[in-house]
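This is data-v4.tsv (TSV, C-alpha atoms).
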chain	number	residue	atom	x	y	z
P	21	MET	CA	-10.00	-56.29	-2.96
P	22	ASP	CA	-10.14	-53.25	-0.68
P	23	VAL	CA	-11.23	-54.60	2.72
P	24	ASN	CA	-12.36	-51.20	3.93
P	25	ALA	CA	-14.43	-50.70	0.79
P	26	LEU	CA	-16.23	-54.01	1.30
P	27	GLN	CA	-16.89	-53.32	4.96
P	28	SER	CA	-18.29	-49.87	4.19
P	29	LYS	CA	-20.59	-51.38	1.54
P	30	LEU	CA	-22.05	-53.76	4.13
P	31	GLU	CA	-22.29	-51.49	7.17
P	32	ASN	CA	-25.88	-50.41	7.90
P	33	GLN	CA	-27.12	-52.53	4.97
P	34	PRO	CA	-29.31	-55.20	6.61
P	35	ASP	CA	-30.61	-56.54	3.28
P	36	LYS	CA	-27.08	-57.33	2.09
P	37	ILE	CA	-26.12	-58.84	5.46
P	38	ILE	CA	-29.25	-61.01	5.36
P	39	GLN	CA	-28.20	-62.34	1.93
P	40	ILE	CA	-24.86	-63.39	3.41
P	41	LEU	CA	-26.44	-65.00	6.47
P	42	GLU	CA	-28.91	-66.92	4.31
P	43	ALA	CA	-26.07	-68.18	2.14
P	44	LEU	CA	-24.37	-69.44	5.31
P	45	GLY	CA	-27.47	-71.45	6.20
P	46	PHE	CA	-28.83	-69.41	9.11
P	47	GLU	CA	-32.61	-69.40	9.69
P	48	ASN	CA	-35.40	-67.10	10.95
P	49	ILE	CA	-33.46	-63.90	10.26
P	50	ARG	CA	-35.23	-60.79	11.56
P	51	PHE	CA	-34.18	-57.13	11.39
P	52	ASN	CA	-34.81	-54.80	14.36
P	53	PRO	CA	-34.73	-51.22	12.97
P	54	GLN	CA	-34.82	-49.66	16.44
P	55	LYS	CA	-31.63	-51.44	17.52
P	56	ASN	CA	-30.17	-51.72	13.99
P	57	ASN	CA	-29.38	-55.39	14.46
P	58	LEU	CA	-30.30	-58.79	13.07
P	59	ARG	CA	-31.41	-61.74	15.23
P	60	PHE	CA	-31.44	-65.27	13.82
P	61	ALA	CA	-31.11	-68.98	14.53
P	62	ARG	CA	-28.16	-71.22	13.86
P	63	GLU	CA	-30.43	-73.76	12.17
P	64	GLU	CA	-34.08	-74.54	11.58
P	65	GLN	CA	-36.30	-74.96	14.67
P	66	ARG	CA	-33.62	-73.50	16.96
P	67	ASN	CA	-33.94	-70.36	19.11
P	68	PRO	CA	-34.60	-67.53	16.56
P	69	THR	CA	-32.87	-64.96	18.78
P	70	SER	CA	-29.75	-66.92	19.73
P	71	CYS	CA	-27.50	-65.07	17.25
P	72	LEU	CA	-27.03	-61.34	16.70
P	73	VAL	CA	-25.27	-59.17	14.11
P	74	ASP	CA	-24.86	-55.44	14.73
P	75	CYS	CA	-25.46	-53.79	11.35
P	76	ALA	CA	-23.36	-50.72	12.16
P	77	THR	CA	-20.15	-52.56	13.09
P	78	LEU	CA	-20.77	-56.00	11.49
P	79	ARG	CA	-19.86	-57.65	14.80
P	80	PHE	CA	-21.75	-60.83	15.75
P	81	PHE	CA	-22.44	-62.75	18.95
P	82	VAL	CA	-23.93	-66.20	19.59
P	83	PHE	CA	-25.56	-66.18	23.02
P	84	SER	CA	-25.76	-69.96	23.39
P	85	THR	CA	-22.05	-70.55	22.75
P	86	ASN	CA	-20.44	-67.14	23.49
P	87	GLN	CA	-18.93	-67.22	20.00
P	88	LYS	CA	-18.11	-63.71	18.72
P	89	GLY	CA	-16.30	-61.86	15.99
P	90	ASN	CA	-17.47	-60.06	12.87
P	91	ILE	CA	-19.23	-61.07	9.67
P	92	PHE	CA	-15.98	-62.04	7.93
P	93	SER	CA	-14.72	-64.23	10.78
P	94	LEU	CA	-18.19	-65.82	10.92
P	95	ILE	CA	-17.85	-66.74	7.23
P	96	MET	CA	-14.36	-68.16	7.86
P	97	ASP	CA	-15.76	-70.30	10.68
P	98	VAL	CA	-18.83	-71.61	8.86
P	99	LYS	CA	-17.20	-72.13	5.46
P	100	ARG	CA	-13.81	-73.12	6.91
P	101	CYS	CA	-12.13	-70.84	4.42
P	102	SER	CA	-9.30	-68.29	4.37
P	103	PHE	CA	-9.72	-64.59	5.01
P	104	PRO	CA	-9.42	-63.62	1.30
P	105	ASP	CA	-12.02	-66.27	0.38
P	106	ALA	CA	-14.33	-64.93	3.10
P	107	LEU	CA	-14.14	-61.46	1.57
P	108	LYS	CA	-15.02	-62.81	-1.87
P	109	PHE	CA	-17.87	-64.89	-0.45
P	110	ALA	CA	-19.34	-61.84	1.32
P	111	ALA	CA	-19.07	-59.63	-1.77
P	112	ILE	CA	-20.63	-62.17	-4.12
P	113	LYS	CA	-23.50	-63.18	-1.81
P	114	ALA	CA	-24.28	-59.50	-1.11
P	115	GLY	CA	-24.48	-58.84	-4.85
P	116	LEU	CA	-21.50	-56.50	-4.95
P	117	SER	CA	-19.15	-56.08	-7.88
P	118	LEU	CA	-15.61	-57.28	-7.18
P	119	GLU	CA	-14.30	-54.58	-9.54
P	120	GLU	CA	-16.28	-51.94	-7.68
P	121	LEU	CA	-14.57	-52.96	-4.44
P	122	ASN	CA	-11.19	-52.02	-5.85
P	123	ILE	CA	-12.10	-48.35	-6.32
P	124	LYS	CA	-11.77	-45.52	-3.84
P	125	THR	CA	-13.81	-46.12	-0.71
P	126	ARG	CA	-16.98	-44.12	-0.11
P	127	TRP	CA	-17.82	-44.30	3.58
P	128	PRO	CA	-21.42	-44.46	4.90
P	129	PHE	CA	-22.84	-41.33	6.54
P	130	GLY	CA	-20.19	-39.27	4.77
P	131	GLY	CA	-17.50	-41.06	6.79
P	132	PHE	CA	-18.91	-39.94	10.14
P	133	PHE	CA	-17.67	-43.06	11.94
P	134	LEU	CA	-14.11	-42.78	10.59
P	135	LYS	CA	-13.97	-39.04	11.23
P	136	LEU	CA	-13.52	-40.07	14.84
P	137	LEU	CA	-10.25	-41.70	13.80
P	138	PRO	CA	-7.24	-39.67	12.58
P	139	ASN	CA	-6.33	-39.69	8.88
P	140	TYR	CA	-9.66	-41.27	7.97
P	141	GLU	CA	-9.69	-39.70	4.53
P	142	GLU	CA	-6.39	-41.23	3.42
P	143	GLU	CA	-6.63	-44.31	1.22
P	144	MET	CA	-4.27	-47.24	1.22
P	145	GLU	CA	-1.76	-47.09	-1.59
P	146	GLU	CA	-2.28	-49.65	-4.33
P	147	LEU	CA	0.34	-52.38	-4.15
P	148	GLU	CA	1.68	-54.38	-7.06
P	149	THR	CA	0.50	-57.98	-6.77
P	150	TYR	CA	1.94	-61.23	-8.10
P	151	PRO	CA	0.42	-64.62	-9.02
P	152	GLU	CA	0.71	-67.36	-6.42
P	153	GLU	CA	2.56	-69.48	-8.97
P	154	ILE	CA	5.78	-67.55	-8.40
P	155	LEU	CA	6.03	-69.25	-4.98
P	156	GLU	CA	6.16	-72.73	-6.52
P	157	PRO	CA	9.99	-72.89	-6.92
P	158	TYR	CA	10.34	-72.33	-3.14
P	159	ALA	CA	7.44	-74.49	-1.96
P	160	ASN	CA	7.66	-77.52	0.36
P	161	LYS	CA	11.22	-76.72	1.43
P	162	PHE	CA	10.97	-75.97	5.13
P	163	SER	CA	13.65	-74.47	7.35
P	164	ILE	CA	15.50	-76.38	10.09
P	165	GLN	CA	16.80	-73.01	11.30
P	166	PHE	CA	13.23	-71.83	11.86
P	167	VAL	CA	12.46	-75.06	13.73
P	168	LYS	CA	15.40	-74.30	16.04
P	169	ASP	CA	13.92	-70.80	16.49
P	170	GLY	CA	10.64	-72.31	17.67
P	171	ILE	CA	8.67	-72.26	14.41
P	172	SER	CA	7.03	-75.61	13.71
P	173	LEU	CA	6.75	-77.24	10.31
P	174	ARG	CA	2.95	-76.86	10.53
P	175	THR	CA	3.36	-73.11	11.03
P	176	GLN	CA	5.87	-72.86	8.19
P	177	GLU	CA	3.39	-74.57	5.89
P	178	LYS	CA	0.57	-72.27	7.07
P	179	PHE	CA	2.55	-69.11	6.29
P	180	GLY	CA	4.00	-70.44	3.03
P	181	ILE	CA	7.63	-70.55	4.17
P	182	GLY	CA	9.98	-71.89	1.50
P	183	TYR	CA	13.60	-71.91	0.40
P	184	ASP	CA	15.50	-70.33	-2.48
P	185	VAL	CA	18.40	-72.54	-3.53
P	186	ASP	CA	20.15	-69.87	-5.62
P	187	SER	CA	20.44	-67.30	-2.81
P	188	ASN	CA	20.49	-69.80	0.08
P	189	ARG	CA	17.68	-67.90	1.78
P	190	ILE	CA	14.52	-68.86	3.60
P	191	THR	CA	11.59	-67.29	1.74
P	192	ILE	CA	8.65	-65.56	3.45
P	193	PRO	CA	5.66	-64.39	1.36
P	194	GLU	CA	4.57	-60.80	2.07
P	195	ARG	CA	0.85	-60.15	1.61
P	196	ALA	CA	-1.46	-57.17	1.39
P	197	ILE	CA	-4.36	-56.80	3.81
P	198	ASP	CA	-6.65	-58.70	1.42
P	199	GLY	CA	-4.24	-61.66	1.25
P	200	SER	CA	-2.82	-61.01	-2.21
P	201	LEU	CA	0.89	-61.68	-2.72
P	202	VAL	CA	2.90	-58.43	-2.92
P	203	GLY	CA	6.49	-59.53	-2.24
P	204	ILE	CA	8.89	-62.20	-1.01
P	205	MET	CA	11.37	-61.59	1.81
P	206	GLY	CA	14.53	-63.70	2.02
P	207	ARG	CA	16.26	-64.58	5.28
P	208	ALA	CA	19.88	-65.77	5.08
P	209	ASN	CA	20.21	-69.46	5.92
P	210	TYR	CA	23.83	-68.98	6.91
P	211	GLU	CA	25.87	-66.95	9.38
P	212	CYS	CA	26.24	-63.29	8.41
P	213	ASP	CA	26.11	-59.80	9.86
P	214	HIS	CA	22.75	-58.88	11.38
P	215	ASP	CA	22.16	-56.04	8.90
P	216	LYS	CA	22.70	-58.44	5.97
P	217	ARG	CA	20.43	-61.21	7.26
P	218	TRP	CA	17.28	-60.00	5.51
P	219	PHE	CA	17.09	-59.23	1.80
P	220	PRO	CA	13.98	-59.17	-0.43
P	221	LEU	CA	13.72	-61.51	-3.39
P	222	ILE	CA	10.77	-59.38	-4.52
P	223	SER	CA	10.64	-56.10	-2.67
P	224	CYS	CA	7.48	-54.34	-1.51
P	225	PRO	CA	6.68	-51.42	0.83
P	226	ARG	CA	6.25	-53.50	3.99
P	227	SER	CA	4.98	-50.44	5.87
P	228	LYS	CA	1.80	-50.94	3.80
P	229	THR	CA	1.36	-54.51	5.03
P	230	LEU	CA	0.68	-56.27	8.34
P	231	PHE	CA	2.22	-59.72	8.49
P	232	GLY	CA	-0.24	-62.31	9.81
P	233	TYR	CA	-3.34	-60.18	9.16
P	234	GLY	CA	-5.24	-62.75	7.11
P	235	GLU	CA	-4.02	-65.75	9.10
P	236	ASN	CA	-4.94	-64.27	12.50
P	237	TYR	CA	-7.92	-62.09	11.53
P	238	ARG	CA	-10.55	-64.46	12.94
P	239	ARG	CA	-8.92	-64.88	16.36
P	240	ILE	CA	-8.27	-61.14	16.70
P	241	GLN	CA	-11.94	-60.52	15.97
P	242	GLU	CA	-12.99	-63.12	18.53
P	243	THR	CA	-10.81	-61.75	21.34
P	244	GLN	CA	-10.63	-58.09	20.26
P	245	ASN	CA	-7.00	-58.24	21.41
P	246	LEU	CA	-3.79	-58.09	19.38
P	247	VAL	CA	-0.04	-58.11	19.97
P	248	LEU	CA	2.28	-56.22	17.62
P	249	PHE	CA	5.81	-57.41	16.90
P	250	GLU	CA	8.52	-56.09	14.62
P	251	SER	CA	9.28	-59.33	12.75
P	252	GLU	CA	7.48	-61.97	10.74
P	253	LYS	CA	9.38	-64.58	12.74
P	254	ALA	CA	7.71	-63.56	16.01
P	255	VAL	CA	4.22	-63.96	14.54
P	256	GLN	CA	5.14	-67.49	13.46
P	257	GLN	CA	6.67	-68.32	16.83
P	258	CYS	CA	3.41	-67.26	18.49
P	259	ASP	CA	1.43	-69.41	16.08
P	260	SER	CA	3.61	-72.41	16.92
P	261	PHE	CA	2.91	-72.19	20.65
P	262	GLY	CA	-0.78	-71.46	20.16
P	263	SER	CA	-1.26	-67.69	20.18
P	264	ASN	CA	-3.03	-66.36	17.08
P	265	ILE	CA	-3.49	-62.68	17.90
P	266	ALA	CA	-0.08	-61.48	16.70
P	267	LEU	CA	0.74	-59.18	13.79
P	268	ALA	CA	4.04	-57.74	12.61
P	269	THR	CA	4.77	-54.22	11.37
P	270	CYS	CA	8.03	-55.42	9.74
P	271	GLY	CA	10.00	-52.69	11.46
P	272	CYS	CA	10.05	-50.72	14.69
P	273	HIS	CA	7.56	-48.08	13.49
P	274	VAL	CA	3.79	-48.23	13.01
P	275	SER	CA	3.01	-46.54	9.70
P	276	GLU	CA	-0.13	-44.48	9.09
P	277	THR	CA	-1.50	-47.20	6.82
P	278	GLN	CA	-0.85	-49.90	9.42
P	279	ALA	CA	-2.43	-47.80	12.17
P	280	LYS	CA	-5.55	-47.28	10.05
P	281	TYR	CA	-6.04	-50.98	9.41
P	282	ILE	CA	-5.34	-51.93	13.01
P	283	LYS	CA	-7.97	-49.47	14.21
P	284	ARG	CA	-10.42	-50.82	11.62
P	285	LEU	CA	-10.21	-54.15	13.46
P	286	LEU	CA	-11.89	-52.39	16.43
P	287	PRO	CA	-9.57	-53.95	19.04
P	288	LYS	CA	-10.13	-53.25	22.72
P	289	LYS	CA	-6.54	-53.98	23.70
P	290	ILE	CA	-3.23	-53.63	21.79
P	291	ILE	CA	0.21	-54.54	23.17
P	292	LEU	CA	3.48	-53.66	21.43
P	293	ALA	CA	6.07	-56.40	21.97
P	294	TYR	CA	8.93	-54.93	19.97
P	295	ASP	CA	12.53	-56.13	20.22
P	296	GLU	CA	14.60	-55.34	23.31
P	297	GLY	CA	16.87	-52.33	23.03
P	298	LEU	CA	14.48	-49.62	21.83
P	299	GLU	CA	14.15	-46.39	23.80
P	300	GLU	CA	11.08	-46.26	26.03
P	301	GLU	CA	10.09	-42.88	24.58
P	302	HIS	CA	10.00	-44.48	21.13
P	303	LEU	CA	7.62	-47.22	22.32
P	304	VAL	CA	5.34	-44.66	23.97
P	305	ASN	CA	5.15	-42.64	20.76
P	306	GLU	CA	4.34	-45.75	18.69
P	307	CYS	CA	1.58	-46.67	21.13
P	308	LYS	CA	0.03	-43.22	20.86
P	309	LYS	CA	-0.48	-43.78	17.13
P	310	LEU	CA	-2.92	-46.58	17.98
P	311	ILE	CA	-4.96	-45.06	20.81
P	312	VAL	CA	-8.64	-44.48	20.07
P	313	ASN	CA	-10.84	-42.87	22.71
P	314	ASN	CA	-14.27	-41.67	21.63
P	315	PRO	CA	-17.94	-42.48	22.33
P	316	ILE	CA	-17.88	-45.35	19.81
P	317	LEU	CA	-14.55	-47.04	20.51
P	318	LYS	CA	-12.00	-47.02	23.32
P	319	THR	CA	-8.74	-48.91	22.78
P	320	LYS	CA	-6.28	-49.65	25.56
P	321	VAL	CA	-2.69	-49.57	24.26
P	322	GLY	CA	0.54	-50.51	26.01
P	323	TYR	CA	4.03	-51.88	25.45
P	324	VAL	CA	6.13	-54.67	26.92
P	325	TRP	CA	9.01	-53.26	28.94
P	326	PRO	CA	10.87	-56.50	29.73
P	327	ASP	CA	13.37	-55.23	32.31
P	328	GLY	CA	14.88	-58.42	33.73
P	329	LEU	CA	12.82	-60.74	31.53
P	330	ILE	CA	14.89	-60.43	28.34
P	331	PRO	CA	18.72	-60.29	28.46
P	332	GLU	CA	19.97	-56.75	27.90
P	333	GLY	CA	21.52	-56.23	24.48
P	334	SER	CA	20.02	-59.43	23.07
P	335	LYS	CA	17.60	-57.66	20.68
P	336	LYS	CA	15.08	-60.42	21.42
P	337	ASN	CA	11.36	-60.17	22.09
P	338	VAL	CA	9.07	-62.20	24.34
P	339	ALA	CA	8.14	-64.61	21.53
P	340	ASP	CA	11.83	-65.54	21.10
P	341	LEU	CA	11.85	-66.91	24.65
P	342	GLY	CA	8.86	-69.23	24.26
P	343	ARG	CA	5.28	-69.50	25.47
P	344	GLU	CA	5.91	-68.98	29.20
P	345	ALA	CA	7.98	-65.82	28.71
P	346	TYR	CA	5.42	-64.57	26.20
P	347	GLN	CA	2.59	-65.01	28.70
P	348	GLU	CA	4.63	-63.49	31.51
P	349	GLY	CA	5.59	-60.51	29.37
P	350	LEU	CA	1.99	-59.76	28.43
P	351	THR	CA	0.70	-60.08	31.99
P	352	LYS	CA	3.48	-58.69	34.20
P	353	TYR	CA	5.63	-56.41	32.04
P	354	VAL	CA	3.16	-54.18	30.17
P	355	LYS	CA	3.10	-50.42	30.67
P	356	TRP	CA	-0.14	-48.79	29.50
P	357	VAL	CA	-0.03	-45.47	27.67
P	358	GLU	CA	-2.43	-42.60	28.21
P	359	GLU	CA	-3.52	-40.42	25.31
Taking this structure as input, can you express it in the form of structure tokens?
Amino acid sequence: MDVNALQSKLENQPDKIIQILEALGFENIRFNPQKNNLRFAREEQRNPTSCLVDCATLRFFVFSTNQKGNIFSLIMDVKRCSFPDALKFAAIKAGLSLEELNIKTRWPFGGFFLKLLPNYEEEMEELETYPEEILEPYANKFSIQFVKDGISLRTQEKFGIGYDVDSNRITIPERAIDGSLVGIMGRANYECDHDKRWFPLISCPRSKTLFGYGENYRRIQETQNLVLFESEKAVQQCDSFGSNIALATCGCHVSETQAKYIKRLLPKKIILAYDEGLEEEHLVNECKKLIVNNPILKTKVGYVWPDGLIPEGSKKNVADLGREAYQEGLTKYVKWVEE
């Protein structure tokens, strides 16, 4: 399912949003056409204005609890479901065709909102997908090496980490933005040269993916903050010590597709925490790909420059050093980039 297509079908469509909210069990839903928002109660006989959804952005806020996010993270919270299941729930309850949501996106208002973002007219390339069953031979075989690297067994289970006996590699599922399986990366479970450590069991264009997107979507929406790493391992390390706002670009460049989907999250703050050893000019240029500054959205973008925090020549990042170094890096070692 095309996430952008679904979002565009719901934006500025109060009737469809109301159908979703009703299916979630909310009460006393009222539309304010002047403010283009919906006010409603969490349950019957509660304050009918305690919750708000902005119809233009699909962001929600609960005044009594300070809970916030967007319509999809709200579904994930209420239904206790995954991000892909939240997308399907929203589409079905809004009366939208799942097949229709796989076609080329038609943006509301002729794409006025996205015209404020570069490359708005470009569509994400269609990725070949695979059935979940192909992961079964690798399932329930967790990595002691990953545990030593700070990735808990709970996190390994969450991200579907497995093991391929034939190649002696740790397996990491690669997923599209909508959660569908598009590849499997293998990480050598033995000593070898750094450039031979990673090899795909099923290859995919990882520049068209964002590792951790579905798993961390809800928390990113709640905080409107995200941290970008190069590797899948860093996202899992963050998950293990309790930070769920990390994504990985699977390389030291932010592709146009990745930049588009990151901006579509409407984050207020983005921090690049790439591996030590990259030129500072490179990090500045990658940050500039993510800056948005217009009347609708302003995003603050910076990069971790860990001079003295990470050993020189180690090629590590702040997640490799644990929770304390991660927190220190994001608070004391960030340089913000101007447009």
- Item | Interatomic distance, CA of Thr85 (chain P) to CA of Leu285 (chain P) (Å, one decimal) |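 Taking CA of Thr85 (chain P) and CA of Leu285 (chain P), their separation equals 22.3 Å.
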- Task: Enter the distance from CA of Asn188 (chain P) to CA of Gly342 (chain P), in Å, rounded to one decimal.
- Result: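 CA of Gly342 (chain P) lies at a distance of 26.8 Å from CA of Asn188 (chain P).
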- Query: Using all atoms listed in the file, which residue out of P:Asn245, P:Ser334, P:Asn160, P:Gln278 lies closest to Gly297 (chain P)?
  - Reply: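 The closest residue to Gly297 (chain P) is P:Ser334.
For the pair CA of Arg239 (chain P) and CA of Phe60 (chain P), the separation is 22.7 Å.
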So that all listed atoms of region 247-254 of chain P fit with 8 Å spare on each side, what axis-aligned box centre and edge lengths in Å, to one decimal, would you give as lines of an AutoDock Vina configuration file?
center_x = 4.7
center_y = -60.3
center_z = 15.4
size_x = 25.4
size_y = 24.5
size_z = 25.2
- Task: Counting all atoms listed in the file, figure out which residue out of P:Glu252, P:Glu235, P:Glu276, P:Glu177 gets nearest to Gly206 (chain P).
- Result: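 Nearest candidate to Gly206 (chain P) out of P:Glu252, P:Glu235, P:Glu276, P:Glu177: P:Glu252.
Of the residues listed (P:Lys308, P:Ile197, P:Glu31, P:Tyr237), P:Tyr237 shows the shortest atom-to-atom separation from Ile95 (chain P); distances use all atoms listed in the file.
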- Message: For a cutoff of 8 Å around the file-coordinate point (-5.7, -52.6, 24.0), which residues qualify once you count only C-alpha atoms? I'd like the result as a ChimeraX atom specification.
- Response: /P:245-246,287-291,319-322
Restricting the output to C-alpha atoms, write the selected residues as a short mmCIF file (atom, residue, chain, number, x, y, z; two decimals), in the coordinates of the input.
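Listing of out-v2.cif after writing:
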data_model
loop_
_atom_site.label_atom_id
_atom_site.label_comp_id
_atom_site.auth_asym_id
_atom_site.auth_seq_id
_atom_site.Cartn_x
_atom_site.Cartn_y
_atom_site.Cartn_z
CA ASN P 245 -7.00 -58.24 21.41
CA LEU P 246 -3.79 -58.09 19.38
CA PRO P 287 -9.57 -53.95 19.04
CA LYS P 288 -10.13 -53.25 22.72
CA LYS P 289 -6.54 -53.98 23.70
CA ILE P 290 -3.23 -53.63 21.79
CA ILE P 291 0.21 -54.54 23.17
CA THR P 319 -8.74 -48.91 22.78
CA LYS P 320 -6.28 -49.65 25.56
CA VAL P 321 -2.69 -49.57 24.26
CA GLY P 322 0.54 -50.51 26.01
#
